[in-house]
file upload_3.csv (CSV, C-alpha atoms)
chain,number,residue,atom,x,y,z
A,64,MET,CA,0.0,0.0,0.0
A,65,THR,CA,1.3,3.4,-0.9
A,66,ILE,CA,0.2,7.0,-0.2
A,67,TYR,CA,1.3,9.2,-3.1
A,68,ASN,CA,0.4,12.8,-2.4
A,69,MET,CA,-2.0,15.2,-0.8
A,70,TYR,CA,-3.7,18.5,-1.7
A,71,ILE,CA,-5.7,20.8,0.5
A,72,PHE,CA,-7.8,23.5,-1.3
A,73,ASP,CA,-9.8,26.3,0.2
A,74,ARG,CA,-13.3,27.2,-0.9
A,75,ASN,CA,-12.0,29.5,-3.6
A,76,GLY,CA,-9.8,27.0,-5.2
A,77,THR,CA,-6.4,28.2,-3.8
A,78,CYS,CA,-4.1,25.3,-3.0
A,79,LEU,CA,-3.2,25.8,0.7
A,80,PHE,CA,-1.0,22.8,1.0
A,81,TYR,CA,0.7,20.2,-1.1
A,82,GLN,CA,2.9,17.3,0.0
A,83,GLU,CA,4.1,14.3,-1.8
A,84,TRP,CA,5.5,11.1,-0.3
A,85,GLN,CA,6.1,8.9,-3.4
A,86,ARG,CA,5.4,10.1,-6.9
A,87,ASN,CA,6.4,8.2,-9.9
A,88,LYS,CA,5.1,10.5,-12.6
A,89,ASN,CA,4.7,14.2,-12.9
A,90,SER,CA,1.8,15.7,-14.7
A,91,GLY,CA,4.2,17.5,-17.1
A,92,MET,CA,3.1,21.0,-16.2
A,93,PRO,CA,4.1,23.7,-13.7
A,94,GLN,CA,2.9,23.0,-10.2
A,95,GLU,CA,0.5,26.0,-10.1
A,96,GLU,CA,-1.2,24.7,-13.3
A,97,GLU,CA,-1.4,21.3,-11.8
A,98,PHE,CA,-3.2,22.6,-8.7
A,99,LYS,CA,-5.7,24.4,-10.9
A,100,LEU,CA,-6.3,21.3,-13.0
A,101,MET,CA,-6.8,19.2,-9.8
A,102,TYR,CA,-9.3,21.7,-8.4
A,103,GLY,CA,-11.0,21.8,-11.7
A,104,LEU,CA,-11.3,18.1,-11.8
A,105,ILE,CA,-12.8,17.9,-8.3
A,106,PHE,CA,-15.2,20.8,-9.0
A,107,SER,CA,-16.4,19.2,-12.2
A,108,ILE,CA,-16.8,15.8,-10.7
A,109,LYS,CA,-19.0,17.3,-8.0
A,110,SER,CA,-21.1,19.1,-10.5
A,111,PHE,CA,-21.3,16.0,-12.7
A,112,ILE,CA,-22.4,13.9,-9.8
A,113,SER,CA,-25.1,16.3,-8.6
A,114,ARG,CA,-26.6,16.3,-12.0
A,115,MET,CA,-26.2,12.7,-12.9
A,116,SER,CA,-27.3,11.2,-9.5
A,117,PRO,CA,-30.5,9.2,-9.7
A,118,VAL,CA,-31.0,9.5,-5.9
A,119,ASP,CA,-31.0,12.3,-3.3
A,120,PHE,CA,-28.0,12.5,-1.1
A,121,TYR,CA,-28.4,12.3,2.7
A,122,SER,CA,-28.4,15.7,4.2
A,123,ASN,CA,-25.5,15.1,6.5
A,124,SER,CA,-22.8,14.9,3.8
A,125,LYS,CA,-22.1,18.1,1.9
A,126,ASP,CA,-22.3,16.2,-1.3
A,127,GLY,CA,-21.9,12.6,-2.4
A,128,PHE,CA,-18.4,12.4,-3.9
A,129,THR,CA,-16.0,10.2,-1.8
A,130,SER,CA,-13.4,8.6,-4.1
A,131,PHE,CA,-12.6,7.4,-7.6
A,132,ASN,CA,-10.4,4.6,-8.9
A,133,THR,CA,-8.3,4.3,-12.0
A,134,ASN,CA,-6.4,1.2,-12.8
A,135,TYR,CA,-3.3,2.5,-10.9
A,136,TYR,CA,-4.4,4.9,-8.2
A,137,LYS,CA,-7.3,5.9,-6.0
A,138,LEU,CA,-8.2,9.5,-5.2
A,139,HIS,CA,-9.9,10.1,-1.8
A,140,PHE,CA,-11.9,13.2,-1.3
A,141,PHE,CA,-13.3,14.9,1.8
A,142,GLU,CA,-15.0,18.3,2.0
A,143,THR,CA,-15.8,20.2,5.2
A,144,PRO,CA,-19.1,22.2,5.5
A,145,SER,CA,-17.0,25.4,5.1
A,146,GLY,CA,-15.8,24.2,1.7
A,147,LEU,CA,-12.3,23.2,2.6
A,148,LYS,CA,-11.3,20.2,0.3
A,149,PHE,CA,-8.9,17.4,1.2
A,150,VAL,CA,-7.6,15.2,-1.7
A,151,LEU,CA,-5.3,12.2,-1.0
A,152,ASN,CA,-4.0,9.9,-3.7
A,153,THR,CA,-3.2,6.3,-2.7
A,154,SER,CA,-2.7,2.9,-4.3
A,155,LEU,CA,-5.8,0.9,-5.2
A,156,ASN,CA,-5.8,-1.6,-2.2
A,157,VAL,CA,-6.5,1.1,0.4
A,158,ASP,CA,-10.0,1.3,1.9
A,159,SER,CA,-11.9,4.5,2.5
A,160,LEU,CA,-9.7,7.1,4.1
A,161,ARG,CA,-12.6,9.5,4.9
A,162,ASP,CA,-12.0,9.1,8.6
A,163,SER,CA,-8.3,9.9,8.3
A,164,LEU,CA,-9.0,13.0,6.2
A,165,GLN,CA,-11.6,14.0,8.8
A,166,TYR,CA,-8.9,13.5,11.5
A,167,ILE,CA,-6.5,15.7,9.6
A,168,TYR,CA,-9.1,18.4,9.5
A,169,ASN,CA,-10.2,18.1,13.1
A,170,SER,CA,-7.0,17.5,14.9
A,171,ILE,CA,-4.3,18.9,12.6
A,172,TYR,CA,-5.7,21.7,10.5
A,173,VAL,CA,-7.9,23.2,13.2
A,174,GLU,CA,-5.3,22.8,15.9
A,175,TYR,CA,-2.2,24.0,14.0
A,176,VAL,CA,-3.6,26.4,11.4
A,177,VAL,CA,-6.9,27.8,12.6
A,178,LYS,CA,-5.7,28.3,16.2
A,179,ASN,CA,-2.4,29.7,15.0
A,180,PRO,CA,-2.7,33.5,14.8
A,181,LEU,CA,0.2,33.8,12.4
A,182,CYS,CA,-1.4,31.6,9.8
A,183,SER,CA,-3.6,33.3,7.3
A,184,LEU,CA,-6.6,31.1,6.3
A,185,ASN,CA,-6.7,31.8,2.6
A,186,SER,CA,-3.2,31.5,1.4
A,187,ALA,CA,-0.7,28.7,1.3
A,188,ILE,CA,0.1,27.2,4.7
A,189,LYS,CA,3.8,27.9,5.6
A,190,SER,CA,3.7,26.5,9.2
A,191,GLU,CA,6.4,24.0,9.7
A,192,ILE,CA,4.7,22.3,12.6
A,193,PHE,CA,1.6,21.7,10.5
A,194,LYS,CA,3.7,20.1,7.8
A,195,GLU,CA,5.5,18.0,10.3
A,196,LYS,CA,2.3,16.8,12.0
A,197,ILE,CA,0.8,15.8,8.6
A,198,ASP,CA,3.9,14.0,7.6
A,199,THR,CA,4.0,12.0,10.9
A,200,TYR,CA,0.3,11.2,10.7
A,201,ILE,CA,0.4,10.0,7.1
A,202,ARG,CA,3.5,7.9,7.7
A,203,GLY,CA,1.8,6.3,10.7
A,204,LEU,CA,-1.2,5.2,8.7
A,205,PRO,CA,-1.6,1.5,8.1
A,206,ALA,CA,-2.1,2.4,4.4
A,207,PHE,CA,1.4,4.0,4.1
B,113,MET,CA,-29.9,-3.9,-5.8
B,114,PRO,CA,-30.9,-1.6,-8.6
B,115,ILE,CA,-28.9,-0.8,-11.7
B,116,PHE,CA,-29.9,2.8,-12.5
B,117,SER,CA,-28.8,3.4,-16.0
B,118,VAL,CA,-26.4,2.5,-18.9
B,119,TYR,CA,-24.5,5.0,-21.1
B,120,ILE,CA,-22.3,4.3,-24.1
B,121,ILE,CA,-19.9,7.0,-25.2
B,122,ASN,CA,-17.9,6.9,-28.5
B,123,ARG,CA,-14.3,7.7,-29.1
B,124,ALA,CA,-14.9,11.4,-29.5
B,125,GLY,CA,-17.0,11.8,-26.4
B,126,GLY,CA,-20.4,11.7,-28.0
B,127,LEU,CA,-23.2,9.9,-26.4
B,128,ILE,CA,-24.3,7.0,-28.6
B,129,TYR,CA,-26.6,5.1,-26.3
B,130,GLN,CA,-28.5,5.6,-23.1
B,131,MET,CA,-30.9,3.5,-21.2
B,132,ASP,CA,-32.6,4.2,-17.9
B,133,HIS,CA,-33.3,0.9,-16.2
B,134,HIS,CA,-34.4,1.7,-12.7
B,135,GLN,CA,-35.5,5.2,-11.6
B,136,PRO,CA,-36.1,5.6,-7.9
B,137,LYS,CA,-39.2,7.5,-7.1
B,138,THR,CA,-38.5,10.9,-5.7
B,139,GLU,CA,-41.7,12.7,-6.4
B,140,VAL,CA,-43.6,14.3,-3.6
B,141,GLU,CA,-46.9,16.2,-4.0
B,142,LYS,CA,-48.2,18.5,-1.3
B,143,THR,CA,-51.0,21.0,-0.9
B,144,PHE,CA,-49.9,24.4,0.4
B,145,SER,CA,-51.8,27.4,1.8
B,146,PHE,CA,-50.7,31.0,1.4
B,147,PRO,CA,-47.9,32.0,1.9
B,148,LEU,CA,-45.6,29.3,0.7
B,149,GLU,CA,-42.9,28.5,3.4
B,150,LEU,CA,-40.4,27.3,0.8
B,151,GLN,CA,-37.7,29.5,-0.7
B,152,LEU,CA,-37.5,29.0,-4.5
B,153,LYS,CA,-34.8,30.1,-6.9
B,154,ILE,CA,-34.2,29.7,-10.6
B,155,VAL,CA,-31.3,27.5,-11.7
B,156,ASP,CA,-30.8,26.6,-15.4
B,157,GLU,CA,-34.3,27.8,-16.3
B,158,ARG,CA,-35.9,25.5,-13.6
B,159,VAL,CA,-37.6,26.5,-10.4
B,160,VAL,CA,-35.6,24.8,-7.6
B,161,VAL,CA,-36.1,24.6,-3.8
B,162,ALA,CA,-33.4,26.7,-2.2
B,163,PHE,CA,-34.3,26.5,1.4
B,164,GLY,CA,-37.0,24.9,3.6
B,165,GLN,CA,-36.5,21.2,3.5
B,166,ARG,CA,-39.6,19.4,4.8
B,167,ASP,CA,-42.0,16.4,4.3
B,168,GLY,CA,-39.7,14.7,1.8
B,169,ILE,CA,-39.2,17.9,-0.2
B,170,LYS,CA,-35.5,18.4,-0.4
B,171,VAL,CA,-33.3,21.3,-1.3
B,172,GLY,CA,-32.4,20.8,-5.0
B,173,HIS,CA,-35.8,19.4,-6.0
B,174,THR,CA,-37.5,21.2,-8.8
B,175,ILE,CA,-41.2,21.9,-9.3
B,176,LEU,CA,-42.6,19.2,-11.7
B,177,ALA,CA,-46.3,20.1,-11.7
B,178,ILE,CA,-48.8,22.6,-10.2
B,179,ASN,CA,-52.4,21.4,-9.5
B,180,GLY,CA,-51.7,18.5,-11.8
B,181,ASP,CA,-50.5,20.6,-14.8
B,182,ALA,CA,-47.0,19.7,-16.0
B,183,VAL,CA,-44.4,22.4,-15.8
B,184,HIS,CA,-42.1,23.2,-18.7
B,185,GLY,CA,-39.0,25.1,-17.7
B,186,ARG,CA,-40.3,28.0,-15.6
B,187,LYS,CA,-43.7,28.2,-17.2
B,188,LEU,CA,-46.9,26.2,-16.9
B,189,GLU,CA,-48.4,24.5,-20.0
B,190,ASP,CA,-50.7,27.5,-20.6
B,191,GLY,CA,-47.7,29.9,-20.5
B,192,ARG,CA,-48.1,31.4,-17.0
B,193,ASP,CA,-44.9,32.0,-15.1
B,194,ILE,CA,-44.7,29.6,-12.1
B,195,LEU,CA,-43.2,32.2,-9.7
B,196,GLU,CA,-46.1,34.5,-10.5
B,197,VAL,CA,-48.7,31.8,-9.9
B,198,ILE,CA,-47.1,30.9,-6.6
B,199,ALA,CA,-46.9,34.6,-5.5
B,200,ASN,CA,-50.6,35.2,-6.2
B,201,SER,CA,-52.7,34.5,-3.1
B,202,GLU,CA,-55.8,33.9,-5.2
B,203,ASN,CA,-54.4,30.6,-6.5
B,204,TYR,CA,-54.2,29.0,-3.0
B,205,PRO,CA,-54.7,26.3,-1.8
B,206,ILE,CA,-52.3,25.0,-4.4
B,207,ALA,CA,-50.9,21.4,-5.0
B,208,ILE,CA,-47.3,21.4,-6.0
B,209,LYS,CA,-45.4,18.3,-7.1
B,210,PHE,CA,-41.6,18.3,-6.3
B,211,GLY,CA,-39.0,15.8,-7.4
B,212,ARG,CA,-35.6,15.4,-9.0
B,213,PRO,CA,-35.7,16.7,-12.5
B,214,LYS,CA,-35.5,14.1,-15.3
B,215,LEU,CA,-32.5,14.7,-17.4
B,216,SER,CA,-33.2,16.0,-20.9
B,217,THR,CA,-31.4,14.4,-23.9
B,218,ASN,CA,-29.3,17.5,-24.3
B,219,GLU,CA,-28.2,17.4,-20.7
B,220,ARG,CA,-27.3,13.7,-21.1
B,221,ILE,CA,-25.2,14.4,-24.1
B,222,MET,CA,-23.4,17.2,-22.2
B,223,LEU,CA,-22.8,15.0,-19.1
B,224,ALA,CA,-21.4,12.3,-21.4
B,225,SER,CA,-18.9,14.6,-23.0
B,226,MET,CA,-18.1,16.0,-19.5
B,227,PHE,CA,-17.2,12.5,-18.3
B,228,HIS,CA,-15.1,11.9,-21.3
B,229,SER,CA,-12.9,14.9,-20.4
B,230,LEU,CA,-12.9,14.0,-16.6
B,231,TYR,CA,-11.6,10.6,-17.7
B,232,ALA,CA,-8.7,12.1,-19.6
B,233,ILE,CA,-7.8,14.5,-16.7
B,234,GLY,CA,-7.9,11.7,-14.2
B,235,SER,CA,-5.3,10.0,-16.2
B,236,GLN,CA,-3.1,13.1,-16.6
B,237,LEU,CA,-3.0,13.9,-12.9
B,238,SER,CA,-2.0,10.4,-12.0
B,239,PRO,CA,1.0,10.0,-9.6
B,240,GLU,CA,1.8,6.7,-11.2
B,241,GLN,CA,3.0,5.8,-14.7
B,242,LYS,CA,0.5,4.6,-17.4
B,243,SER,CA,-2.6,5.1,-15.4
B,244,SER,CA,-6.0,4.9,-17.1
B,245,GLY,CA,-8.8,7.3,-16.5
B,246,ILE,CA,-11.6,7.0,-14.0
B,247,GLN,CA,-12.9,3.5,-13.8
B,248,LEU,CA,-15.0,3.7,-10.7
B,249,LEU,CA,-16.5,6.8,-9.2
B,250,GLU,CA,-17.9,6.4,-5.7
B,251,THR,CA,-20.5,8.6,-4.1
B,252,ASP,CA,-22.9,8.1,-1.1
B,253,GLY,CA,-25.9,7.4,-3.4
B,254,PHE,CA,-24.5,5.4,-6.3
B,255,LYS,CA,-21.4,4.1,-8.0
B,256,LEU,CA,-20.4,4.8,-11.5
B,257,HIS,CA,-18.5,2.1,-13.3
B,258,CYS,CA,-16.7,2.8,-16.5
B,259,PHE,CA,-15.1,0.3,-18.9
B,260,GLN,CA,-13.1,1.6,-21.8
B,261,THR,CA,-12.7,-0.9,-24.6
B,262,LEU,CA,-9.6,-1.2,-26.7
B,263,SER,CA,-11.2,0.7,-29.5
B,264,GLY,CA,-11.9,3.7,-27.1
B,265,ILE,CA,-15.6,3.3,-26.5
B,266,LYS,CA,-16.7,3.9,-23.0
B,267,LEU,CA,-19.4,1.8,-21.4
B,268,ILE,CA,-20.8,3.3,-18.2
B,269,VAL,CA,-23.1,1.7,-15.7
B,270,LEU,CA,-24.7,3.6,-12.8
B,271,ALA,CA,-25.6,1.2,-10.0
B,272,ASP,CA,-26.4,1.0,-6.3
B,273,PRO,CA,-23.2,1.1,-4.1
B,274,LYS,CA,-24.0,-2.4,-2.8
B,275,GLN,CA,-24.4,-4.1,-6.3
B,276,SER,CA,-21.3,-6.3,-7.0
B,277,GLY,CA,-19.9,-7.8,-10.1
B,278,ILE,CA,-20.4,-4.8,-12.3
B,279,GLU,CA,-17.1,-5.5,-14.1
B,280,ASN,CA,-18.6,-8.7,-15.5
B,281,LEU,CA,-21.8,-6.9,-16.5
B,282,LEU,CA,-19.7,-4.3,-18.4
B,283,LYS,CA,-18.0,-7.1,-20.3
B,284,LYS,CA,-21.4,-8.6,-21.1
B,285,ILE,CA,-22.7,-5.3,-22.3
B,286,TYR,CA,-19.6,-5.1,-24.6
B,287,GLU,CA,-20.5,-8.5,-25.9
B,288,LEU,CA,-24.0,-7.4,-26.7
B,289,TYR,CA,-22.7,-4.3,-28.3
B,290,SER,CA,-20.4,-6.3,-30.6
B,291,ASP,CA,-23.1,-8.9,-31.3
B,292,TYR,CA,-26.2,-6.7,-31.9
B,293,ALA,CA,-24.8,-3.3,-32.8
B,294,LEU,CA,-21.5,-3.8,-34.6
B,295,LYS,CA,-22.7,-6.9,-36.5
B,296,ASN,CA,-25.8,-5.1,-37.6
B,297,PRO,CA,-25.3,-4.1,-41.3
B,298,PHE,CA,-27.3,-1.0,-40.9
B,299,TYR,CA,-25.3,0.3,-38.0
B,300,SER,CA,-22.4,2.7,-38.8
B,301,ILE,CA,-19.7,3.0,-36.2
B,302,ASP,CA,-19.6,5.9,-33.7
B,303,MET,CA,-23.2,6.7,-34.6
B,304,PRO,CA,-26.2,6.5,-32.1
B,305,ILE,CA,-27.2,2.9,-31.6
B,306,ARG,CA,-30.8,2.2,-32.7
B,307,CYS,CA,-31.1,-1.5,-32.8
B,308,GLU,CA,-34.1,-3.3,-31.4
B,309,LEU,CA,-32.3,-6.5,-30.6
B,310,PHE,CA,-29.6,-4.6,-28.6
B,311,ASP,CA,-32.3,-2.8,-26.6
B,312,LYS,CA,-34.1,-6.1,-25.9
B,313,ASN,CA,-31.1,-8.1,-24.9
B,314,LEU,CA,-29.6,-5.3,-22.8
B,315,GLN,CA,-32.9,-5.0,-20.9
B,316,GLY,CA,-32.9,-8.8,-20.3
B,317,LEU,CA,-29.3,-8.8,-19.2
B,318,LEU,CA,-30.0,-6.0,-16.6
B,319,ASP,CA,-33.1,-7.7,-15.4
B,320,SER,CA,-31.4,-11.0,-14.8
B,321,TYR,CA,-28.4,-9.2,-13.2
B,322,GLU,CA,-30.6,-7.4,-10.7
B,323,ARG,CA,-32.6,-10.5,-9.8
B,324,SER,CA,-29.6,-12.7,-9.1
B,325,GLY,CA,-27.2,-10.0,-7.8
B,326,PHE,CA,-24.6,-11.5,-10.0
B,327,TYR,CA,-24.6,-12.9,-13.5
B,328,SER,CA,-23.8,-16.6,-14.0
B,329,GLN,CA,-22.0,-17.7,-17.1
B,330,GLY,CA,-24.5,-20.4,-18.0
B,331,MET,CA,-27.5,-18.3,-18.6
call {"tool": "encode", "arguments": {"input": "upload_3.csv", "output": "structure tokens"}}
result
Amino acid sequence: MTIYNMYIFDRNGTCLFYQEWQRNKNSGMPQEEEFKLMYGLIFSIKSFISRMSPVDFYSNSKDGFTSFNTNYYKLHFFETPSGLKFVLNTSLNVDSLRDSLQYIYNSIYVEYVVKNPLCSLNSAIKSEIFKEKIDTYIRGLPAF
Amino acid sequence: MPIFSVYIINRAGGLIYQMDHHQPKTEVEKTFSFPLELQLKIVDERVVVAFGQRDGIKVGHTILAINGDAVHGRKLEDGRDILEVIANSENYPIAIKFGRPKLSTNERIMLASMFHSLYAIGSQLSPEQKSSGIQLLETDGFKLHCFQTLSGIKLIVLADPKQSGIENLLKKIYELYSDYALKNPFYSIDMPIRCELFDKNLQGLLDSYERSGFYSQGM
């Protein structure tokens, strides 16, 4: 099992955080462009799902999208009610990581970014301790 | 375990076949007295509930009928604007039917080409070499399974999250496609599939799949 990389986007589509652990292929474009493409992909998938869905979603989840698989990787997605989006790419044999992404939000993002007066909420996160905590947590996951 | 619908997309992203197999009922009809407690707004020329979820009427539902008269876009059949009808206290009590809007053919064509590009982007953003595009899209309410054949045609099945064995079903649909569409002398490749035998056999396949939960080879 492998965890490849992780993106955090705010509600306006700015990439707040990016970290990679193991990446075997680059998208062949500048990083800024890649962030935009990834946000666009997520945004379009959400709009696609809400139109395509034959059923109503339960009211407790913001919308229905949880993950997608290709033949080589799996993309996990979690969105908070405030529109913060967490995207994590792993290998295929990993089960749903929704709880882990929720934990990252609850116990790492809120603790080390929201409660840090020096971190601004809508630009890239520069906090070293946040980066370190994410790294430790991801490396500690059974999926890593 | 319902299978909701089947889509077939050609190499260029055009929708060439679509079938709805099982449509869950989401319609709710309710009689209201003046004033209406629901907040409505207009999205894509449709009147949509924006706020005030109650009695099975959910945010995102559109108005399908008023007092039994079907609604077209934001107007009634006789040309009256829905919002004006609802705002006028003389029309009350009023029976309004809400539900998820049925997709029009144009919307389906648009969604199909949208998926075509999402598939390509999914492959481009891969952290791993030689990845394909999206093969399985999971949501809380349904799963979308996609199988791209060697010739680039995408077969898509929307099914209940608990339905298993869709990979086999997709291969079976491909088999039906080759047998009843490609071998039909009147069918030209990449064009919409209008073959009675294909319709009939696909319907039968989906029915048997739903009944058994999985499809056995010997059928």
call {"tool": "closest_residue", "arguments": {"input": "upload_3.csv", "among": "B:Ile128, B:Ala293, B:Val118, B:Leu176", "to": "Phe210 of chain B", "atoms": "all atoms listed in the file"}}
result
B:Leu176
call {"tool": "closest_residue", "arguments": {"input": "upload_3.csv", "among": "A:Gln82, A:Thr77, A:Asn89, A:Ser154", "to": "Asn185 of chain A", "atoms": "all atoms listed in the file"}}
result
A:Thr77
call {"tool": "residues_around", "arguments": {"input": "upload_3.csv", "residues": "Ile66 of chain A", "least_positions_apart": "6", "cutoff": "9 Å", "atoms": "all atoms listed in the file", "output": "PyMOL selection string"}}
result
chain A and resi 83-85+151-154+157+201-202+206-207
call {"tool": "closest_residue", "arguments": {"input": "upload_3.csv", "among": "A:Ile71, A:Met92, A:Leu155, A:Met101", "to": "Leu184 of chain A", "atoms": "all atoms listed in the file"}}
result
A:Ile71
call {"tool": "interface_residues", "arguments": {"input": "upload_3.csv", "of": "chain A", "to": "chain B", "cutoff": "10 Å", "atoms": "only C-alpha atoms", "output": "NGL selection string"}}
result
:A and (66-68 or 83 or 85-92 or 97-98 or 100-101 or 103-105 or 107-122 or 124 or 126-139 or 152-154)
call {"tool": "closest_residue", "arguments": {"input": "upload_3.csv", "among": "A:Ile167, A:Ile192, A:Leu147, A:Leu160", "to": "Asn179 of chain A", "atoms": "all atoms listed in the file"}}
result
A:Ile192
call {"tool": "residues_near_point", "arguments": {"input": "upload_3.csv", "point": "(-26.3, -9.0, -26.4)", "cutoff": "12 Å", "atoms": "only C-alpha atoms", "output": "list in words"}}
result
Leu281, Leu282, Lys283, Lys284, Ile285, Tyr286, Glu287, Leu288, Tyr289, Ser290, Asp291, Tyr292, Ala293, Leu294, Lys295, Asn296, Cys307, Glu308, Leu309, Phe310, Asp311, Lys312, Asn313, Leu314, Gln315, Gly316, Leu317 and Leu318 of chain B
call {"tool": "atom_distance", "arguments": {"input": "upload_3.csv", "atom1": "atom CA of Thr143 of chain A", "atom2": "atom CA of Glu157 of chain B"}}
result
29.4 Å
call {"tool": "atom_distance", "arguments": {"input": "upload_3.csv", "atom1": "atom CA of Ser145 of chain B", "atom2": "atom CA of His184 of chain B"}}
result
23.1 Å
call {"tool": "atom_distance", "arguments": {"input": "upload_3.csv", "atom1": "atom CA of Arg161 of chain A", "atom2": "atom CA of Phe72 of chain A"}}
result
16.0 Å
call {"tool": "residues_around", "arguments": {"input": "upload_3.csv", "residues": "Leu188 of chain B", "least_positions_apart": "3", "cutoff": "12 Å", "atoms": "all atoms listed in the file", "output": "PyMOL selection string"}}
result
chain B and resi 158-159+175-185+191-198+208
call {"tool": "closest_residue", "arguments": {"input": "upload_3.csv", "among": "A:Phe80, A:Tyr175, A:Tyr168, A:Phe193", "to": "Glu95 of chain A", "atoms": "all atoms listed in the file"}}
result
A:Phe80
call {"tool": "decode", "arguments": {"input": "upload_3.csv", "residues": "segment 223-234 of chain B", "atoms": "N, CA, C and O atoms", "output": "compact mmCIF listing (two decimals), in the first residue's frame"}}
result
# COMPACT_ATOMS: atom_id res chain seq x y z
N LEU B 223 -23.44 15.74 -20.24
CA LEU B 223 -22.80 15.02 -19.14
C LEU B 223 -21.86 13.94 -19.68
O LEU B 223 -20.79 13.71 -19.12
N ALA B 224 -22.26 13.31 -20.79
CA ALA B 224 -21.42 12.26 -21.36
C ALA B 224 -20.09 12.84 -21.82
O ALA B 224 -19.03 12.29 -21.53
N SER B 225 -20.13 14.00 -22.49
CA SER B 225 -18.86 14.55 -22.96
C SER B 225 -18.06 15.11 -21.79
O SER B 225 -16.83 15.12 -21.82
N MET B 226 -18.77 15.52 -20.74
CA MET B 226 -18.07 15.98 -19.53
C MET B 226 -17.30 14.82 -18.92
O MET B 226 -16.13 14.97 -18.55
N PHE B 227 -17.94 13.66 -18.85
CA PHE B 227 -17.24 12.51 -18.27
C PHE B 227 -16.04 12.14 -19.12
O PHE B 227 -14.99 11.77 -18.59
N HIS B 228 -16.19 12.23 -20.42
CA HIS B 228 -15.10 11.94 -21.35
C HIS B 228 -13.86 12.76 -20.99
O HIS B 228 -12.74 12.24 -20.95
N SER B 229 -14.05 14.05 -20.68
CA SER B 229 -12.88 14.87 -20.36
C SER B 229 -12.39 14.61 -18.94
O SER B 229 -11.19 14.64 -18.70
N LEU B 230 -13.31 14.33 -18.00
CA LEU B 230 -12.87 14.00 -16.64
C LEU B 230 -11.99 12.76 -16.66
O LEU B 230 -10.99 12.66 -15.94
N TYR B 231 -12.37 11.82 -17.52
CA TYR B 231 -11.61 10.58 -17.66
C TYR B 231 -10.17 10.89 -18.08
O TYR B 231 -9.22 10.39 -17.50
N ALA B 232 -10.05 11.79 -19.06
CA ALA B 232 -8.72 12.13 -19.56
C ALA B 232 -7.90 12.87 -18.50
O ALA B 232 -6.71 12.60 -18.32
N ILE B 233 -8.54 13.79 -17.77
CA ILE B 233 -7.80 14.55 -16.75
C ILE B 233 -7.38 13.62 -15.62
O ILE B 233 -6.27 13.73 -15.08
N GLY B 234 -8.26 12.69 -15.25
CA GLY B 234 -7.93 11.71 -14.21
C GLY B 234 -6.65 10.96 -14.54
O GLY B 234 -5.84 10.66 -13.67
